[in-house]
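data_30.pdb follows (PDB, C-alpha atoms, pLDDT in the B column):
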ATOM      1  CA  MET A  51     176.194 -18.357 131.749  1.00 58.00           C
ATOM      2  CA  ARG A  52     172.904 -17.970 130.009  1.00 72.00           C
ATOM      3  CA  ILE A  53     171.211 -14.766 128.936  1.00 71.00           C
ATOM      4  CA  SER A  54     168.373 -15.280 131.396  1.00 69.00           C
ATOM      5  CA  GLU A  55     170.869 -15.232 134.246  1.00 72.00           C
ATOM      6  CA  VAL A  56     171.948 -11.672 133.267  1.00 67.00           C
ATOM      7  CA  PHE A  57     168.371 -10.468 133.721  1.00 68.00           C
ATOM      8  CA  ASP A  58     167.979 -12.251 137.062  1.00 73.00           C
ATOM      9  CA  ARG A  59     171.358 -11.435 138.611  1.00 74.00           C
ATOM     10  CA  ARG A  60     171.194  -9.005 141.547  1.00 75.00           C
ATOM     11  CA  VAL A  61     173.750  -6.647 143.089  1.00 73.00           C
ATOM     12  CA  ARG A  62     172.822  -5.332 146.558  1.00 76.00           C
ATOM     13  CA  GLY A  63     169.199  -6.024 145.901  1.00 74.00           C
ATOM     14  CA  PHE A  64     169.011  -4.431 142.434  1.00 79.00           C
ATOM     15  CA  ARG A  65     169.031  -6.267 139.165  1.00 82.00           C
ATOM     16  CA  VAL A  66     172.055  -5.516 136.964  1.00 81.00           C
ATOM     17  CA  VAL A  67     169.757  -4.748 134.031  1.00 82.00           C
ATOM     18  CA  ASP A  68     167.961  -2.078 136.093  1.00 86.00           C
ATOM     19  CA  ILE A  69     171.257  -0.453 137.107  1.00 86.00           C
ATOM     20  CA  VAL A  70     172.498  -0.391 133.501  1.00 88.00           C
ATOM     21  CA  GLY A  71     169.144   0.999 132.319  1.00 90.00           C
ATOM     22  CA  VAL A  72     169.218   3.829 134.883  1.00 92.00           C
ATOM     23  CA  GLY A  73     172.815   4.628 133.882  1.00 93.00           C
ATOM     24  CA  VAL A  74     171.878   4.813 130.186  1.00 95.00           C
ATOM     25  CA  LEU A  75     168.818   6.939 131.021  1.00 96.00           C
ATOM     26  CA  LEU A  76     170.890   9.394 133.103  1.00 97.00           C
ATOM     27  CA  THR A  77     173.477   9.629 130.310  1.00 97.00           C
ATOM     28  CA  LEU A  78     170.753  10.412 127.747  1.00 97.00           C
ATOM     29  CA  VAL A  79     169.141  13.038 130.004  1.00 97.00           C
ATOM     30  CA  LEU A  80     172.488  14.726 130.621  1.00 97.00           C
ATOM     31  CA  GLY A  81     173.307  14.647 126.893  1.00 96.00           C
ATOM     32  CA  VAL A  82     169.961  16.221 125.922  1.00 96.00           C
ATOM     33  CA  TYR A  83     170.361  18.911 128.606  1.00 96.00           C
ATOM     34  CA  MET A  84     173.861  19.789 127.395  1.00 96.00           C
ATOM     35  CA  ALA A  85     172.701  19.878 123.754  1.00 96.00           C
ATOM     36  CA  LYS A  86     169.835  22.253 124.629  1.00 96.00           C
ATOM     37  CA  ALA A  87     172.143  24.509 126.654  1.00 95.00           C
ATOM     38  CA  PHE A  88     174.661  24.627 123.786  1.00 95.00           C
ATOM     39  CA  ALA A  89     171.884  25.346 121.273  1.00 95.00           C
ATOM     40  CA  GLY A  90     170.553  28.158 123.481  1.00 95.00           C
ATOM     41  CA  ARG A  91     173.981  29.793 123.625  1.00 95.00           C
ATOM     42  CA  GLU A  92     174.349  29.446 119.870  1.00 95.00           C
ATOM     43  CA  ARG A  93     170.886  30.939 119.330  1.00 96.00           C
ATOM     44  CA  ALA A  94     171.781  33.931 121.531  1.00 95.00           C
ATOM     45  CA  GLU A  95     175.052  34.419 119.653  1.00 96.00           C
ATOM     46  CA  ILE A  96     173.280  34.230 116.294  1.00 97.00           C
ATOM     47  CA  ALA A  97     170.749  36.826 117.455  1.00 96.00           C
ATOM     48  CA  SER A  98     173.587  39.098 118.572  1.00 96.00           C
ATOM     49  CA  VAL A  99     175.356  38.779 115.219  1.00 97.00           C
ATOM     50  CA  GLU A 100     172.098  39.464 113.371  1.00 97.00           C
ATOM     51  CA  ARG A 101     171.604  42.641 115.445  1.00 97.00           C
ATOM     52  CA  GLN A 102     175.152  43.749 114.594  1.00 97.00           C
ATOM     53  CA  ILE A 103     174.510  43.076 110.897  1.00 98.00           C
ATOM     54  CA  GLU A 104     171.337  45.158 111.000  1.00 97.00           C
ATOM     55  CA  GLU A 105     173.176  48.011 112.752  1.00 97.00           C
ATOM     56  CA  GLU A 106     175.891  47.875 110.075  1.00 97.00           C
ATOM     57  CA  ARG A 107     173.240  47.964 107.334  1.00 97.00           C
ATOM     58  CA  ILE A 108     171.767  51.084 108.915  1.00 97.00           C
ATOM     59  CA  LYS A 109     175.239  52.676 109.041  1.00 97.00           C
ATOM     60  CA  VAL A 110     175.844  51.759 105.384  1.00 97.00           C
ATOM     61  CA  ARG A 111     172.542  53.353 104.345  1.00 97.00           C
ATOM     62  CA  LEU A 112     173.407  56.515 106.308  1.00 97.00           C
ATOM     63  CA  LEU A 113     176.859  56.691 104.711  1.00 97.00           C
ATOM     64  CA  GLN A 114     175.380  56.165 101.244  1.00 97.00           C
ATOM     65  CA  ALA A 115     172.936  59.004 101.898  1.00 96.00           C
ATOM     66  CA  GLU A 116     175.787  61.224 103.085  1.00 96.00           C
ATOM     67  CA  VAL A 117     177.851  60.407  99.969  1.00 95.00           C
ATOM     68  CA  ALA A 118     174.848  61.190  97.763  1.00 95.00           C
ATOM     69  CA  HIS A 119     174.486  64.538  99.537  1.00 94.00           C
ATOM     70  CA  LEU A 120     178.199  65.368  99.285  1.00 94.00           C
ATOM     71  CA  GLU A 121     178.367  64.445  95.583  1.00 93.00           C
ATOM     72  CA  GLN A 122     175.506  66.720  94.489  1.00 93.00           C
ATOM     73  CA  PRO A 123     176.755  68.736  91.510  1.00 92.00           C
ATOM     74  CA  ARG A 124     175.151  71.977  92.729  1.00 93.00           C
ATOM     75  CA  ARG A 125     176.896  71.648  96.099  1.00 92.00           C
ATOM     76  CA  ILE A 126     180.274  70.927  94.495  1.00 90.00           C
ATOM     77  CA  GLU A 127     179.811  73.839  92.095  1.00 90.00           C
ATOM     78  CA  SER A 128     179.035  76.251  94.932  1.00 91.00           C
ATOM     79  CA  LEU A 129     182.090  75.045  96.875  1.00 90.00           C
ATOM     80  CA  ALA A 130     184.279  75.486  93.804  1.00 89.00           C
ATOM     81  CA  GLN A 131     182.960  79.017  93.272  1.00 89.00           C
ATOM     82  CA  SER A 132     183.506  79.952  96.919  1.00 91.00           C
ATOM     83  CA  ALA A 133     187.094  78.616  96.719  1.00 89.00           C
ATOM     84  CA  GLN A 134     187.544  80.474  93.416  1.00 88.00           C
ATOM     85  CA  LEU A 135     188.504  77.294  91.557  1.00 86.00           C
ATOM     86  CA  ALA A 136     188.503  77.193  87.782  1.00 83.00           C
ATOM     87  CA  PRO A 137     188.586  74.376  85.244  1.00 81.00           C
ATOM     88  CA  ILE A 138     192.018  73.060  84.264  1.00 79.00           C
ATOM     89  CA  SER A 139     193.404  74.736  81.182  1.00 82.00           C
ATOM     90  CA  PRO A 140     193.966  72.496  78.146  1.00 82.00           C
ATOM     91  CA  ASP A 141     197.725  73.130  78.154  1.00 80.00           C
ATOM     92  CA  ARG A 142     197.938  71.317  81.552  1.00 78.00           C
ATOM     93  CA  GLU A 143     196.502  68.101  80.119  1.00 81.00           C
ATOM     94  CA  THR A 144     198.680  65.305  78.769  1.00 81.00           C
ATOM     95  CA  SER A 145     198.327  61.894  77.181  1.00 84.00           C
ATOM     96  CA  GLU A 146     199.210  58.565  78.771  1.00 85.00           C
ATOM     97  CA  ASP A 147     202.326  58.232  76.628  1.00 85.00           C
ATOM     98  CA  ALA A 148     203.654  61.608  77.726  1.00 84.00           C
ATOM     99  CA  LEU A 149     203.339  60.905  81.469  1.00 85.00           C
ATOM    100  CA  ILE A 150     206.893  59.527  81.631  1.00 86.00           C
ATOM    101  CA  ASP A 151     208.259  62.728  80.145  1.00 84.00           C
ATOM    102  CA  VAL A 152     206.263  64.782  82.642  1.00 80.00           C
ATOM    103  CA  ALA A 153     207.641  62.710  85.531  1.00 82.00           C
ATOM    104  CA  ARG A 154     211.245  63.174  84.353  1.00 84.00           C
ATOM    105  CA  LYS A 155     210.830  66.932  83.860  1.00 81.00           C
ATOM    106  CA  PRO A 156     212.424  68.873  86.761  1.00 81.00           C
ATOM    107  CA  ILE A 157     210.181  71.131  88.841  1.00 78.00           C
ATOM    108  CA  PRO A 158     210.980  74.846  88.368  1.00 77.00           C
ATOM    109  CA  ALA A 159     212.399  76.545  91.469  1.00 73.00           C
ATOM    110  CA  SER A 160     209.475  78.990  91.498  1.00 74.00           C
ATOM    111  CA  LYS A 161     207.049  76.120  92.130  1.00 70.00           C
ATOM    112  CA  LEU A 162     209.050  74.454  94.932  1.00 69.00           C
ATOM    113  CA  PRO A 163     207.728  74.926  98.467  1.00 72.00           C
ATOM    114  CA  ALA A 164     209.435  77.605 100.528  1.00 71.00           C
ATOM    115  CA  PRO A 165     212.120  76.402 102.972  1.00 71.00           C
ATOM    116  CA  PRO A 166     211.186  76.564 106.661  1.00 68.00           C
ATOM    117  CA  VAL A 167     211.928  79.826 108.433  1.00 65.00           C
ATOM    118  CA  ALA A 168     214.415  79.652 111.330  1.00 58.00           C
ATOM    119  CA  ALA A 169     212.963  80.325 114.756  1.00 54.00           C
ATOM    120  CA  ALA A 170     213.748  83.730 116.232  1.00 57.00           C
ATOM    121  CA  ASP A 171     213.810  82.354 119.793  1.00 58.00           C
ATOM    122  CA  PRO A 172     217.118  80.488 120.507  1.00 58.00           C
ATOM    123  CA  ALA A 173     215.319  78.096 122.885  1.00 56.00           C
ATOM    124  CA  LEU A 174     212.972  77.052 120.087  1.00 55.00           C
ATOM    125  CA  ALA A 175     215.850  76.795 117.624  1.00 54.00           C
ATOM    126  CA  ALA A 176     217.602  74.291 119.920  1.00 55.00           C
ATOM    127  CA  ASP A 177     214.537  72.018 119.787  1.00 56.00           C
ATOM    128  CA  ALA A 178     214.223  72.322 116.008  1.00 54.00           C
ATOM    129  CA  PRO A 179     215.547  69.456 113.870  1.00 54.00           C
ATOM    130  CA  ASP A 180     218.908  69.825 112.199  1.00 56.00           C
ATOM    131  CA  SER A 181     218.758  71.347 108.708  1.00 50.00           C
ATOM    132  CA  THR A 182     220.493  68.273 107.262  1.00 51.00           C
ATOM    133  CA  GLY A 183     217.540  66.098 108.189  1.00 48.00           C
ATOM    134  CA  VAL A 184     219.772  63.750 110.240  1.00 49.00           C
ATOM    135  CA  GLU A 185     219.249  63.727 113.964  1.00 51.00           C
ATOM    136  CA  GLU A 186     222.195  63.475 116.302  1.00 51.00           C
ATOM    137  CA  ALA A 187     222.332  60.723 118.870  1.00 51.00           C
ATOM    138  CA  PRO A 188     221.746  61.845 122.472  1.00 51.00           C
ATOM    139  CA  ARG A 189     224.947  62.334 124.414  1.00 47.00           C
TER
END
Render the structure in this file as structure tokens.
Amino acid sequence: MRISEVFDRRVRGFRVVDIVGVGVLLTLVLGVYMAKAFAGRERAEIASVERQIEEERIKVRLLQAEVAHLEQPRRIESLAQSAQLAPISPDRETSEDALIDVARKPIPASKLPAPPVAAADPALAADAPDSTGVEEAPR
């Protein structure tokens, strides 16, 4: 079989070369169409992500402005005065080396939080947790 016979051979009235050429052309057209569709979806997704990034930047700027407002020394000073706060006395300060001793020091009973008050209503007392801190299993 010679090469010239491939170009002259016919199947149902069409040359084999023409059929192969049309098949290759259709494959290329379909491939280009799919590539463009995929690129369009990617472009839309990129635009969506860029919009989200811009919205997050706006939120960050707003939060930074809010932090700057909340950290104003005059504002903090006025809040401290209204809450009647005072600077820490020097006898409450300690060094890094003495922190272990402070942690080991027991808390005086006068500074412990008050124990919870028992409920006056017996129905409420039944729902209250046991004073031992261990719950009983349901029966």
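Separating atom CA of Arg154 of chain A from atom CA of Ser139 of chain A is a distance of 21.5 Å.
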Open item on the list: Between atom CA of His119 of chain A and atom CA of Leu135 of chain A, what distance in Å does the model show, to one decimal?
Closed with: 20.6 Å
Open item on the list: As an exercise, work out the distance from atom CA of Val74 of chain A to atom CA of Phe88 of chain A in Å and give it to one decimal place.
Closed with: 21.0 Å
Need the axis-aligned box for segment 103-110 of chain A with 8 Å each side, so what are the centre and edges in Å to one decimal, as lines of an AutoDock Vina configuration file?
center_x = 173.6
center_y = 47.9
center_z = 109.1
size_x = 20.6
size_y = 25.6
size_z = 23.4
